[in-house]
>>> print(open('run.txt').read())   # compact mmCIF, C-alpha atoms
# COMPACT_ATOMS: atom_id res chain seq x y z
CA MET A 6 26.98 30.80 11.70
CA PRO A 7 24.54 27.91 12.07
CA LYS A 8 23.93 25.67 9.10
CA ILE A 9 20.52 24.08 8.67
CA ALA A 10 19.88 21.12 6.36
CA ILE A 11 16.34 20.42 5.17
CA ALA A 12 15.31 17.13 3.52
CA SER A 13 13.85 18.40 0.23
CA GLU A 14 11.82 17.04 -2.67
CA ASP A 15 13.68 18.99 -5.34
CA SER A 16 16.30 21.69 -5.91
CA LYS A 17 14.12 24.79 -5.87
CA GLY A 18 15.82 26.36 -2.86
CA LEU A 19 13.60 28.33 -0.49
CA ASP A 20 10.50 27.69 -2.64
CA ASP A 21 10.92 23.94 -2.42
CA VAL A 22 9.07 21.77 0.11
CA VAL A 23 10.08 19.38 2.91
CA ALA A 24 10.32 15.85 1.47
CA SER A 25 7.95 13.05 2.50
CA ARG A 26 10.82 11.18 4.17
CA PHE A 27 14.23 12.02 5.55
CA ALA A 28 16.86 9.36 4.80
CA ARG A 29 15.74 8.76 1.22
CA ALA A 30 14.80 12.36 0.40
CA PRO A 31 16.06 13.23 -3.10
CA LYS A 32 17.96 16.38 -2.03
CA PHE A 33 19.14 18.32 0.97
CA THR A 34 18.82 22.09 0.99
CA ILE A 35 21.53 23.51 3.24
CA VAL A 36 21.21 27.12 4.34
CA GLU A 37 23.68 29.17 6.32
CA LEU A 38 22.35 31.92 8.55
CA ASP A 39 24.15 35.09 9.61
CA GLU A 40 24.09 36.59 13.14
CA LYS A 41 20.70 38.20 12.49
CA GLY A 42 19.23 34.92 11.31
CA GLU A 43 19.12 36.00 7.66
CA VAL A 44 19.77 33.34 5.03
CA GLN A 45 23.25 33.91 3.66
CA ASN A 46 24.11 30.92 1.52
CA ILE A 47 21.97 28.22 -0.03
CA LYS A 48 23.54 24.98 -1.16
CA ILE A 49 21.62 22.04 -2.58
CA ILE A 50 23.24 18.62 -2.46
CA ASP A 51 22.18 15.20 -3.74
CA ASN A 52 21.33 12.85 -0.90
CA PRO A 53 23.57 9.77 -1.12
CA GLY A 54 21.03 7.99 1.11
CA ALA A 55 18.47 8.09 -1.69
CA GLN A 56 20.64 5.67 -3.68
CA ALA A 57 21.69 3.48 -0.76
CA THR A 58 20.58 -0.13 -0.78
CA GLY A 59 20.50 -0.17 3.01
CA GLY A 60 21.44 2.10 5.89
CA ALA A 61 20.15 5.13 4.00
CA ALA A 62 20.05 7.38 7.08
CA ILE A 63 23.68 6.68 7.93
CA LYS A 64 24.86 7.73 4.46
CA ALA A 65 22.57 10.78 4.45
CA ILE A 66 23.78 12.01 7.83
CA GLN A 67 27.42 11.36 6.94
CA ALA A 68 26.99 13.70 3.95
CA LEU A 69 25.42 16.34 6.21
CA ILE A 70 28.24 16.03 8.74
CA ASN A 71 30.73 16.52 5.89
CA GLU A 72 28.90 19.74 5.07
CA GLY A 73 29.22 20.91 8.69
CA VAL A 74 25.50 21.02 9.37
CA ASP A 75 24.31 21.99 12.89
CA ILE A 76 20.56 21.46 12.61
CA VAL A 77 18.69 18.84 10.56
CA ILE A 78 15.05 19.13 9.52
CA GLY A 79 12.93 16.22 8.26
CA PRO A 80 9.29 15.00 8.28
CA ALA A 81 10.20 12.20 10.75
CA PHE A 82 13.35 10.31 11.63
CA GLY A 83 13.53 6.53 11.38
CA PRO A 84 15.41 4.18 13.71
CA ASN A 85 18.84 4.54 12.08
CA ALA A 86 18.51 8.30 11.70
CA GLN A 87 17.58 8.73 15.36
CA ALA A 88 20.47 6.59 16.49
CA VAL A 89 23.06 8.47 14.43
CA LEU A 90 21.69 11.94 15.21
CA ALA A 91 21.78 11.12 18.92
CA GLU A 92 25.26 9.63 18.70
CA MET A 93 26.61 12.66 16.83
CA LYS A 94 24.60 15.10 19.01
CA ILE A 95 23.09 16.87 15.99
CA LYS A 96 20.01 18.97 16.67
CA ASN A 97 16.99 17.78 14.75
CA MET A 98 13.50 19.02 14.27
CA VAL A 99 10.38 17.40 12.82
CA ILE A 100 8.47 19.58 10.34
CA PRO A 101 5.64 18.04 8.27
CA ALA A 102 6.25 16.99 4.65
CA GLY A 103 5.05 19.56 2.14
CA THR A 104 5.96 22.59 4.32
CA ARG A 105 7.77 25.27 2.32
CA ILE A 106 11.52 25.35 3.02
CA ARG A 107 11.19 29.08 3.68
CA ASP A 108 8.62 28.43 6.44
CA ALA A 109 10.57 25.49 7.81
CA ILE A 110 13.61 27.74 8.32
CA GLU A 111 11.46 30.30 10.17
CA LYS A 112 10.18 27.55 12.49
CA ALA A 113 13.74 26.36 13.16
CA LYS A 114 14.88 29.91 13.88
CA LYS A 115 12.10 30.29 16.43
CA GLU A 116 12.79 26.88 17.99
CA TYR A 117 16.51 27.47 18.42
CA GLY A 118 16.44 31.23 19.02
CA LEU A 119 18.41 32.16 15.92
CA THR A 120 16.87 35.57 15.25
CA MET B 20 -1.73 14.35 -2.37
CA ALA B 21 -2.47 10.68 -2.66
CA LEU B 22 -3.19 8.85 0.59
CA GLU B 23 -0.65 6.15 1.36
CA ILE B 24 -1.73 3.38 3.72
CA ALA B 25 0.95 0.89 4.80
CA VAL B 26 -0.16 -2.52 6.05
CA ALA B 27 2.48 -4.06 8.31
CA SER B 28 2.57 -6.75 10.96
CA GLY B 29 5.91 -7.59 12.52
CA LYS B 30 5.02 -11.28 12.70
CA GLY B 31 4.61 -13.08 9.41
CA GLY B 32 1.60 -15.14 8.38
CA VAL B 33 -0.95 -13.10 10.27
CA GLY B 34 -2.89 -12.03 7.18
CA LYS B 35 -1.26 -8.81 5.94
CA SER B 36 -1.73 -9.66 2.27
CA THR B 37 -5.29 -10.89 2.80
CA VAL B 38 -6.14 -7.66 4.61
CA SER B 39 -4.39 -5.30 2.20
CA SER B 40 -5.83 -6.97 -0.90
CA ALA B 41 -9.34 -6.96 0.65
CA LEU B 42 -8.92 -3.24 1.33
CA ALA B 43 -7.75 -2.54 -2.23
CA ILE B 44 -10.60 -4.58 -3.75
CA TYR B 45 -13.20 -2.95 -1.50
CA LEU B 46 -12.03 0.62 -2.18
CA HIS B 47 -11.85 -0.06 -5.91
CA ARG B 48 -15.43 -1.40 -5.83
CA LYS B 49 -16.42 1.85 -4.14
CA ASP B 50 -14.98 3.75 -7.12
CA TYR B 51 -11.84 5.01 -5.44
CA ASP B 52 -8.74 5.25 -7.58
CA VAL B 53 -6.58 2.52 -6.02
CA ILE B 54 -2.98 1.45 -6.58
CA ALA B 55 -1.72 -1.65 -4.78
CA VAL B 56 1.97 -1.97 -3.94
CA ASP B 57 3.47 -5.32 -2.94
CA ALA B 58 6.49 -4.29 -0.89
CA ASP B 59 7.27 -7.76 0.43
CA ALA B 60 10.17 -8.18 -1.98
CA ASP B 61 11.42 -11.40 -0.39
CA ALA B 62 8.19 -13.24 -1.11
CA PRO B 63 5.75 -11.14 -3.13
CA ASN B 64 2.34 -12.77 -3.33
CA LEU B 65 -0.29 -10.08 -3.86
CA HIS B 66 -0.31 -10.85 -7.59
CA LEU B 67 -1.48 -14.41 -6.85
CA VAL B 68 -4.53 -13.46 -4.83
CA LEU B 69 -5.31 -10.45 -7.08
CA GLU B 70 -5.19 -12.73 -10.13
CA VAL B 71 -2.51 -11.22 -12.31
CA ASP B 72 -2.14 -13.11 -15.61
CA LYS B 73 0.68 -11.18 -17.17
CA TRP B 74 3.02 -8.34 -16.33
CA GLU B 75 2.68 -5.15 -18.33
CA LYS B 76 6.13 -4.10 -17.33
CA GLU B 77 9.10 -6.01 -16.00
CA GLU B 78 12.41 -4.30 -15.28
CA TRP B 79 15.65 -5.79 -14.06
CA PHE B 80 16.78 -3.78 -11.06
CA GLU B 81 20.55 -3.54 -11.20
CA ASP B 82 21.68 -1.37 -8.34
CA ALA B 83 24.13 -3.31 -6.23
CA TRP B 84 27.89 -3.79 -6.40
CA ILE B 85 29.92 -6.88 -5.61
CA SER B 86 33.61 -7.71 -5.78
CA GLU B 87 35.14 -9.82 -8.52
CA ILE B 88 38.68 -11.26 -8.67
CA ASP B 89 40.80 -10.70 -11.77
CA TYR B 90 42.72 -13.97 -11.94
CA SER B 91 45.34 -12.58 -14.34
CA LYS B 92 46.61 -10.47 -11.39
CA CYS B 93 45.65 -12.65 -8.40
CA THR B 94 48.55 -14.33 -6.59
CA ASN B 95 46.23 -16.42 -4.41
CA CYS B 96 47.64 -14.84 -1.21
CA GLY B 97 44.33 -15.14 0.63
CA ILE B 98 44.34 -11.67 2.23
CA CYS B 99 40.85 -11.04 0.80
CA ALA B 100 39.56 -14.11 2.65
CA GLU B 101 41.11 -12.85 5.88
CA VAL B 102 39.67 -9.35 5.72
CA CYS B 103 36.20 -10.08 4.36
CA PRO B 104 33.73 -9.22 7.17
CA TYR B 105 31.03 -11.36 5.54
CA GLU B 106 33.16 -14.48 4.99
CA ALA B 107 32.26 -14.29 1.31
CA VAL B 108 35.69 -15.36 0.08
CA GLU B 109 35.96 -19.11 -0.11
CA LEU B 110 38.75 -21.49 -0.96
CA THR B 111 37.44 -23.54 -3.88
CA GLY B 112 39.96 -26.25 -4.60
CA ASN B 113 43.15 -24.22 -4.13
CA LYS B 114 41.75 -20.96 -5.53
CA TYR B 115 40.15 -18.09 -3.64
CA THR B 116 36.71 -17.22 -5.03
CA ILE B 117 34.13 -14.64 -4.02
CA ASN B 118 30.68 -16.01 -3.42
CA PRO B 119 28.46 -13.46 -5.20
CA VAL B 120 25.45 -14.31 -3.05
CA ILE B 121 27.26 -13.58 0.22
CA CYS B 122 29.32 -10.57 -0.99
CA GLU B 123 27.79 -7.26 0.16
CA GLY B 124 30.04 -5.04 -1.96
CA CYS B 125 31.65 -3.39 1.08
CA LEU B 126 35.00 -2.83 -0.74
CA THR B 127 37.15 -4.17 2.12
CA CYS B 128 38.86 -6.79 -0.10
CA ILE B 129 39.48 -4.21 -2.84
CA LEU B 130 41.26 -1.93 -0.36
CA ALA B 131 43.24 -4.80 1.16
CA CYS B 132 44.37 -6.58 -2.02
CA PRO B 133 48.12 -5.91 -2.48
CA GLU B 134 47.95 -6.87 -6.18
CA LYS B 135 44.93 -4.65 -6.96
CA ALA B 136 43.39 -7.78 -8.45
CA ILE B 137 39.85 -7.19 -7.21
CA ARG B 138 37.35 -4.88 -8.88
CA ARG B 139 33.79 -3.83 -8.25
CA VAL B 140 31.09 -5.02 -10.68
CA LYS B 141 27.38 -4.23 -10.88
CA THR B 142 24.94 -6.92 -9.98
CA GLY B 143 21.21 -7.33 -10.13
CA ARG B 144 19.12 -7.47 -7.04
CA GLY B 145 15.68 -8.19 -8.37
CA TYR B 146 12.75 -7.10 -10.49
CA VAL B 147 10.29 -4.26 -10.55
CA ARG B 148 6.98 -5.22 -12.13
CA LEU B 149 3.66 -3.62 -12.97
CA ALA B 150 0.37 -5.34 -13.82
CA LYS B 151 -3.31 -4.63 -14.07
CA THR B 152 -5.12 -6.94 -11.66
CA ARG B 153 -8.26 -8.92 -12.60
CA TYR B 154 -10.14 -6.39 -10.47
CA GLY B 155 -9.03 -3.50 -12.69
CA PHE B 156 -6.60 -1.53 -10.51
CA PRO B 157 -2.81 -1.52 -11.02
CA LEU B 158 -0.34 -3.44 -8.88
CA TRP B 159 3.33 -2.59 -8.48
CA MET B 160 5.60 -5.25 -7.06
CA ALA B 161 9.23 -5.75 -6.22
CA GLU B 162 10.89 -9.12 -6.22
CA LEU B 163 14.28 -9.73 -4.69
CA LEU B 164 16.39 -12.56 -6.08
CA PRO B 165 16.98 -15.45 -3.66
CA GLY B 166 19.88 -14.77 -1.32
CA ARG B 167 20.16 -11.07 -2.14
CA PRO B 168 20.21 -8.74 0.84
CA ASN B 169 17.08 -6.90 1.84
CA THR B 170 16.80 -3.54 0.29
CA GLY B 171 14.70 -0.57 1.18
CA LYS B 172 15.75 0.98 -2.09
CA LEU B 173 13.72 -1.51 -4.12
CA VAL B 174 10.68 -0.77 -1.94
CA THR B 175 11.26 2.98 -2.27
CA GLU B 176 11.50 2.53 -6.03
CA ILE B 177 8.07 0.87 -6.40
CA LYS B 178 6.48 3.29 -3.95
CA ASN B 179 7.83 6.19 -6.03
CA ARG B 180 6.52 4.56 -9.23
CA ALA B 181 3.08 4.24 -7.65
CA LYS B 182 3.20 7.86 -6.49
CA ALA B 183 4.17 9.03 -9.97
CA MET B 184 1.04 7.30 -11.32
CA ALA B 185 -1.20 8.56 -8.53
CA ARG B 186 -3.69 11.38 -8.84
CA GLU B 187 -4.94 13.80 -6.20
CA ASN B 188 -7.40 11.34 -4.62
CA THR B 189 -5.60 8.07 -5.23
CA ILE B 190 -5.34 5.58 -2.37
CA ILE B 191 -2.03 3.70 -2.37
CA VAL B 192 -2.22 0.46 -0.38
CA VAL B 193 1.26 -0.80 0.52
CA ASP B 194 1.54 -4.44 1.60
CA SER B 195 4.72 -4.48 3.66
CA ALA B 196 7.05 -7.36 4.39
CA ALA B 197 6.97 -9.08 7.78
CA GLY B 198 9.50 -8.09 10.42
CA ILE B 199 10.97 -4.68 11.17
CA GLY B 200 13.87 -4.67 8.69
CA CYS B 201 14.98 -2.36 5.93
CA GLN B 202 12.03 -3.13 3.65
CA VAL B 203 9.52 -2.52 6.42
CA ILE B 204 11.17 0.78 7.36
CA SER B 205 10.89 1.85 3.73
CA SER B 206 7.26 0.70 3.57
CA LEU B 207 6.35 2.83 6.58
CA ALA B 208 8.51 5.88 5.79
CA GLY B 209 6.46 8.55 4.06
CA ALA B 210 3.12 6.73 4.57
CA ASN B 211 0.09 8.56 5.95
CA ALA B 212 -1.26 5.73 8.09
CA ALA B 213 -0.12 2.36 9.37
CA ILE B 214 -2.56 -0.52 9.56
CA LEU B 215 -1.04 -3.19 11.78
CA VAL B 216 -2.25 -6.78 11.59
CA THR B 217 -1.68 -9.30 14.36
CA GLU B 218 -3.00 -12.50 15.88
CA PRO B 219 -3.49 -13.36 19.55
CA THR B 220 -0.31 -15.32 20.21
CA PRO B 221 2.82 -14.45 22.23
CA ALA B 222 4.80 -13.78 19.02
CA GLY B 223 1.88 -11.83 17.58
CA LEU B 224 1.90 -9.47 20.57
CA SER B 225 5.67 -9.01 20.85
CA ASP B 226 6.07 -8.40 17.10
CA LEU B 227 3.14 -5.99 17.11
CA LYS B 228 4.98 -3.96 19.75
CA ARG B 229 8.16 -3.93 17.67
CA VAL B 230 6.53 -2.84 14.42
CA HIS B 231 4.44 -0.27 16.29
CA THR B 232 7.65 1.18 17.72
CA ILE B 233 8.87 1.78 14.16
CA ALA B 234 5.53 3.36 13.23
CA LYS B 235 5.83 5.68 16.24
CA GLN B 236 9.36 6.64 15.24
CA PHE B 237 7.96 7.76 11.89
CA LEU B 238 5.16 9.63 13.72
CA LEU B 239 2.57 7.48 11.97
CA PRO B 240 -0.94 7.19 13.36
CA SER B 241 -1.70 3.47 13.68
CA ALA B 242 -4.74 1.23 13.41
CA LEU B 243 -4.98 -2.44 14.35
CA ILE B 244 -6.70 -5.51 12.94
CA ILE B 245 -6.71 -8.72 14.96
CA ASN B 246 -6.90 -11.78 12.77
CA LYS B 247 -7.99 -15.20 14.07
CA TYR B 248 -9.06 -13.33 17.19
CA ASP B 249 -10.90 -16.32 18.64
CA ILE B 250 -7.96 -18.71 18.92
CA ASN B 251 -6.60 -17.38 22.21
CA PRO B 252 -8.76 -15.21 24.52
CA GLU B 253 -5.91 -14.51 26.96
CA TYR B 254 -3.67 -12.95 24.30
CA LEU B 255 -6.62 -11.19 22.68
CA ASP B 256 -7.10 -9.31 25.98
CA LYS B 257 -3.40 -8.47 26.15
CA ILE B 258 -3.39 -7.12 22.59
CA LEU B 259 -6.51 -5.04 23.19
CA ALA B 260 -4.97 -3.64 26.37
CA TYR B 261 -1.80 -2.69 24.48
CA ALA B 262 -3.84 -0.99 21.74
CA LYS B 263 -5.80 0.99 24.31
CA GLU B 264 -2.70 2.05 26.18
CA GLU B 265 -0.95 3.11 22.97
CA ASN B 266 -3.94 4.89 21.43
CA ILE B 267 -4.09 2.52 18.44
CA ASP B 268 -7.40 2.50 16.59
CA VAL B 269 -8.81 -1.05 16.70
CA LEU B 270 -10.54 -1.40 13.33
CA GLY B 271 -11.93 -4.86 13.90
CA MET B 272 -11.36 -8.54 14.42
CA ILE B 273 -11.48 -11.44 12.00
CA PRO B 274 -12.53 -14.91 13.23
CA TYR B 275 -10.60 -18.05 12.41
CA ASP B 276 -12.22 -19.34 9.24
CA ASP B 277 -11.29 -22.27 6.99
CA HIS B 278 -12.72 -20.40 4.01
CA VAL B 279 -9.61 -18.18 3.95
CA PRO B 280 -6.98 -20.90 3.30
CA ALA B 281 -9.49 -22.69 1.03
CA ALA B 282 -9.89 -19.59 -1.15
CA ILE B 283 -6.19 -18.83 -1.18
CA ALA B 284 -5.40 -22.42 -2.22
CA LYS B 285 -7.60 -21.75 -5.27
CA MET B 286 -5.70 -18.47 -5.84
CA LYS B 287 -8.81 -16.37 -5.30
CA HIS B 288 -9.56 -13.80 -2.64
CA PRO B 289 -11.96 -15.06 0.07
CA ILE B 290 -14.14 -11.95 -0.30
CA LYS B 291 -14.68 -12.92 -3.95
CA LEU B 292 -14.97 -16.70 -3.63
CA TYR B 293 -16.78 -16.97 -0.28
CA PRO B 294 -18.32 -13.53 0.27
CA ASP B 295 -20.73 -14.85 2.90
CA SER B 296 -18.07 -16.56 5.02
CA PRO B 297 -17.46 -15.06 8.49
CA ALA B 298 -13.92 -13.96 7.62
CA ALA B 299 -14.97 -12.30 4.35
CA LYS B 300 -17.73 -10.41 6.13
CA ALA B 301 -15.29 -9.22 8.78
CA LEU B 302 -12.78 -8.15 6.11
CA LEU B 303 -15.46 -6.12 4.33
CA ASP B 304 -16.64 -4.52 7.59
CA ILE B 305 -13.09 -3.56 8.42
CA SER B 306 -12.49 -2.16 4.93
CA ARG B 307 -15.69 -0.10 5.28
CA LYS B 308 -14.39 1.25 8.56
CA VAL B 309 -11.08 2.18 6.92
CA GLU B 310 -13.05 4.01 4.22
CA ASN B 311 -15.13 5.96 6.73
CA THR B 312 -12.28 6.91 9.02
CA ILE B 313 -8.83 6.86 7.45
CA VAL B 314 -9.82 7.47 3.82
CA ARG B 315 -12.65 9.98 4.16
CA ASN B 316 -11.51 11.74 7.25
CA TRP B 317 -7.78 11.27 7.43
CA ARG B 318 -6.94 14.59 9.06
CA GLU B 319 -9.33 14.07 11.96
CA TRP B 320 -8.41 10.39 12.34
CA ALA B 321 -4.67 11.11 12.27
CA ARG B 322 -5.04 13.83 14.88
CA ARG B 323 -6.79 11.39 17.22
CA HIS B 324 -4.31 8.54 16.79
CA MET B 325 -1.04 10.41 16.32
CA PRO B 326 1.68 9.00 18.58
CA ARG B 327 2.29 11.43 21.41
CA LYS B 328 6.03 11.50 21.11
CA PRO B 329 8.46 9.62 18.91
CA VAL B 330 10.19 6.89 20.87
CA HIS B 331 13.90 7.17 21.00
CA TYR B 332 15.79 4.33 19.54
CA THR B 333 18.67 2.69 21.35
CA PRO B 334 21.10 1.42 18.77
CA ILE B 335 22.70 -1.99 19.04
CA LEU B 336 26.26 -1.59 17.86
CA ILE B 337 27.77 -4.58 16.11
CA LYS B 338 31.48 -4.07 15.70
CA PRO B 339 33.14 -5.69 12.71
CA ARG B 340 35.61 -8.39 13.58
CA GLU B 341 39.18 -7.21 13.84
CA ILE B 342 41.07 -7.74 10.63
CA GLY B 343 43.18 -10.87 10.64
CA ALA B 344 41.96 -12.05 14.03
CA ARG B 345 40.41 -15.08 12.48
CA ARG B 346 41.88 -18.34 11.14
>>> encode(input="run.txt", output="structure tokens")
Amino acid sequence: MPKIAIASEDSKGLDDVVASRFARAPKFTIVELDEKGEVQNIKIIDNPGAQATGGAAIKAIQALINEGVDIVIGPAFGPNAQAVLAEMKIKNMVIPAGTRIRDAIEKAKKEYGLT
Amino acid sequence: MALEIAVASGKGGVGKSTVSSALAIYLHRKDYDVIAVDADADAPNLHLVLEVDKWEKEEWFEDAWISEIDYSKCTNCGICAEVCPYEAVELTGNKYTINPVICEGCLTCILACPEKAIRRVKTGRGYVRLAKTRYGFPLWMAELLPGRPNTGKLVTEIKNRAKAMARENTIIVVDSAAGIGCQVISSLAGANAAILVTEPTPAGLSDLKRVHTIAKQFLLPSALIINKYDINPEYLDKILAYAKEENIDVLGMIPYDDHVPAAIAKMKHPIKLYPDSPAAKALLDISRKVENTIVRNWREWARRHMPRKPVHYTPILIKPREIGARR
């Protein structure tokens, strides 16, 4: 069951929007899909990177790894984020800030053939 | 959503603050709702040239942790000095002390101390301030205390404050720090456009490439301003060639002009004090071009100058020294 984490502005679940930045996004919305690609579980976590003085992306991605995330969605990934995502071989996808989480998940499903 | 324009340069002293303040003043004169953000927390200076007399708001930003030794438990064994990756523990007289300026709050000494004599305490990093400039628009600034580590969090904080104040059509002009460090990353992250400033020198070109790489990683469309363009024709050509190759929008060039340092020495903006000087005219022309392209027609402009693909970053791994290997 793939888990997708989306950098989010708030904690409104599927009606929320993609945050304007990844590593210092206020929240992460983590959704778990079933075999048919339907959303099964939604979990919203605080992003520890938002409070980090430095190395925000490293703390953010560590939290996502702890949650067992397979795919990460953000509006863009900075230098640290790209380095850690590549190192940990985590799939990542750029989706513009302000996109509804609901639509972002659909795009990811199409991209990775999860339907 | 408000439009956020980040002015960055890589190399310092190329005119970022002069350019960003000229842009803010120009757009405000043209009746745009403008908020200026001074994100150069190591050496904020926008308030000087924008003539800020007093701060409306000044908050102490206490967000960092450092280690502190409890001498009622300390046995002076020196293990903390051995394990500290930052060499922040010093032997003062015959007592181990933690230098609060060097300590990064990494917790290593707390974990290693056999007597549990070290604790974590909160420490201040700097200030967040708000003022109304002489020109009438607000300015947010962050100021880091001397010796405190760079922090993108402080920059994120003032950018978020500016965004909270912004309306639908507000233009937020962010004056970034020099370099490509944490503060610069935070200045560029979440912006809608990057305006890069450089000068025709070897360092100007190499640092332009580095900061542009960060802008590309954030998928930011970039524009370029070449300051003091007439001091070195050879490097001017190289910079223009780089901009062409990388699809960077060249907004304009500013000639070397003694009126700029003369105005700044009097703590006034050159476009106010010497509006007819060559540099002031160039700054106004460039600001007009920003208005007509990036501000009025962002979508179209961004589409034309969007980086084709984000560049992948090759990390440089710095491994912490092995514990106890030293001394």
>>> closest_residue(input="run.txt", among="B:Val174, B:Ile88, B:Ala150, B:Ile54", to="chain A", atoms="all atoms listed in the file")
B:Val174
>>> interface_residues(input="run.txt", of="chain A", to="chain B", cutoff="7 Å", atoms="only C-alpha atoms", output="list in words")
Ser25, Arg26, Gln56, Ala57, Thr58, Gly59, Ala81, Phe82, Gly83, Pro84, Gln87 and Ala88 of chain A
>>> atom_distance(input="run.txt", atom1="atom CA of B:Asp256", atom2="atom CA of B:Asp226")
15.9 Å
>>> residues_around(input="run.txt", residues="A:Gly73", least_positions_apart="3", cutoff="8 Å", atoms="all atoms listed in the file", output="list in words")
Lys8, Leu69 and Ile70 of chain A
>>> residues_around(input="run.txt", residues="B:Ser39", least_positions_apart="4", cutoff="9 Å", atoms="all atoms listed in the file", output="VMD selection string")
chain B and resid 25 to 26 34 to 35 43 to 44 55 65 192 to 194 214
>>> residues_around(input="run.txt", residues="B:Asn113", least_positions_apart="3", cutoff="12 Å", atoms="only C-alpha atoms", output="list in words")
Thr94, Asn95, Cys96, Gly97, Glu109, Leu110 and Thr116 of chain B
>>> write_last_selection(input="run.txt", atoms="C-alpha atoms", output="compact mmCIF listing (two decimals), keeping the file's coordinate frame")
# COMPACT_ATOMS: atom_id res chain seq x y z
CA THR B 94 48.55 -14.33 -6.59
CA ASN B 95 46.23 -16.42 -4.41
CA CYS B 96 47.64 -14.84 -1.21
CA GLY B 97 44.33 -15.14 0.63
CA GLU B 109 35.96 -19.11 -0.11
CA LEU B 110 38.75 -21.49 -0.96
CA THR B 116 36.71 -17.22 -5.03
>>> closest_residue(input="run.txt", among="A:Lys32, A:Gly18, A:Ala12, A:Gln67", to="A:Met98", atoms="only C-alpha atoms")
A:Ala12
>>> closest_residue(input="run.txt", among="B:Val68, B:Arg322, B:Thr142, B:Lys76", to="B:Leu292", atoms="all atoms listed in the file")
B:Val68
>>> residues_around(input="run.txt", residues="A:Val99", least_positions_apart="5", cutoff="6 Å", atoms="all atoms listed in the file", output="VMD selection string")
chain A and resid 78 to 81
>>> atom_distance(input="run.txt", atom1="atom CA of A:Glu116", atom2="atom CA of A:Ala30")
22.9 Å
>>> atom_distance(input="run.txt", atom1="atom CA of B:Glu134", atom2="atom CA of B:Ile85")
18.0 Å
>>> residues_near_point(input="run.txt", point="(17.8, 19.2, 18.8)", cutoff="10 Å", atoms="all atoms listed in the file", output="list of chain:residue names")
A:Asp75, A:Ile76, A:Val77, A:Ile78, A:Leu90, A:Ala91, A:Lys94, A:Ile95, A:Lys96, A:Asn97, A:Met98, A:Val99, A:Ala113, A:Glu116, A:Tyr117
>>> axis_aligned_box(input="run.txt", around="stretch 31-42 of chain A", padding_each_side="4 Å", output="lines of an AutoDock Vina configuration file")
center_x = 20.1
center_y = 25.7
center_z = 5.0
size_x = 16.1
size_y = 33.0
size_z = 24.2
>>> residues_around(input="run.txt", residues="B:Met160", least_positions_apart="5", cutoff="7 Å", atoms="all atoms listed in the file", output="list in words")
Val56, Asp57, Ala58, Val147, Arg148, Leu149 and Ile177 of chain B
>>> closest_residue(input="run.txt", among="B:Gly143, B:Asp268, B:Asp304, B:Asp52", to="B:Met325", atoms="all atoms listed in the file")
B:Asp268
>>> closest_residue(input="run.txt", among="B:His278, B:Lys291, B:Lys114, B:Arg139", to="B:Leu126", atoms="all atoms listed in the file")
B:Arg139
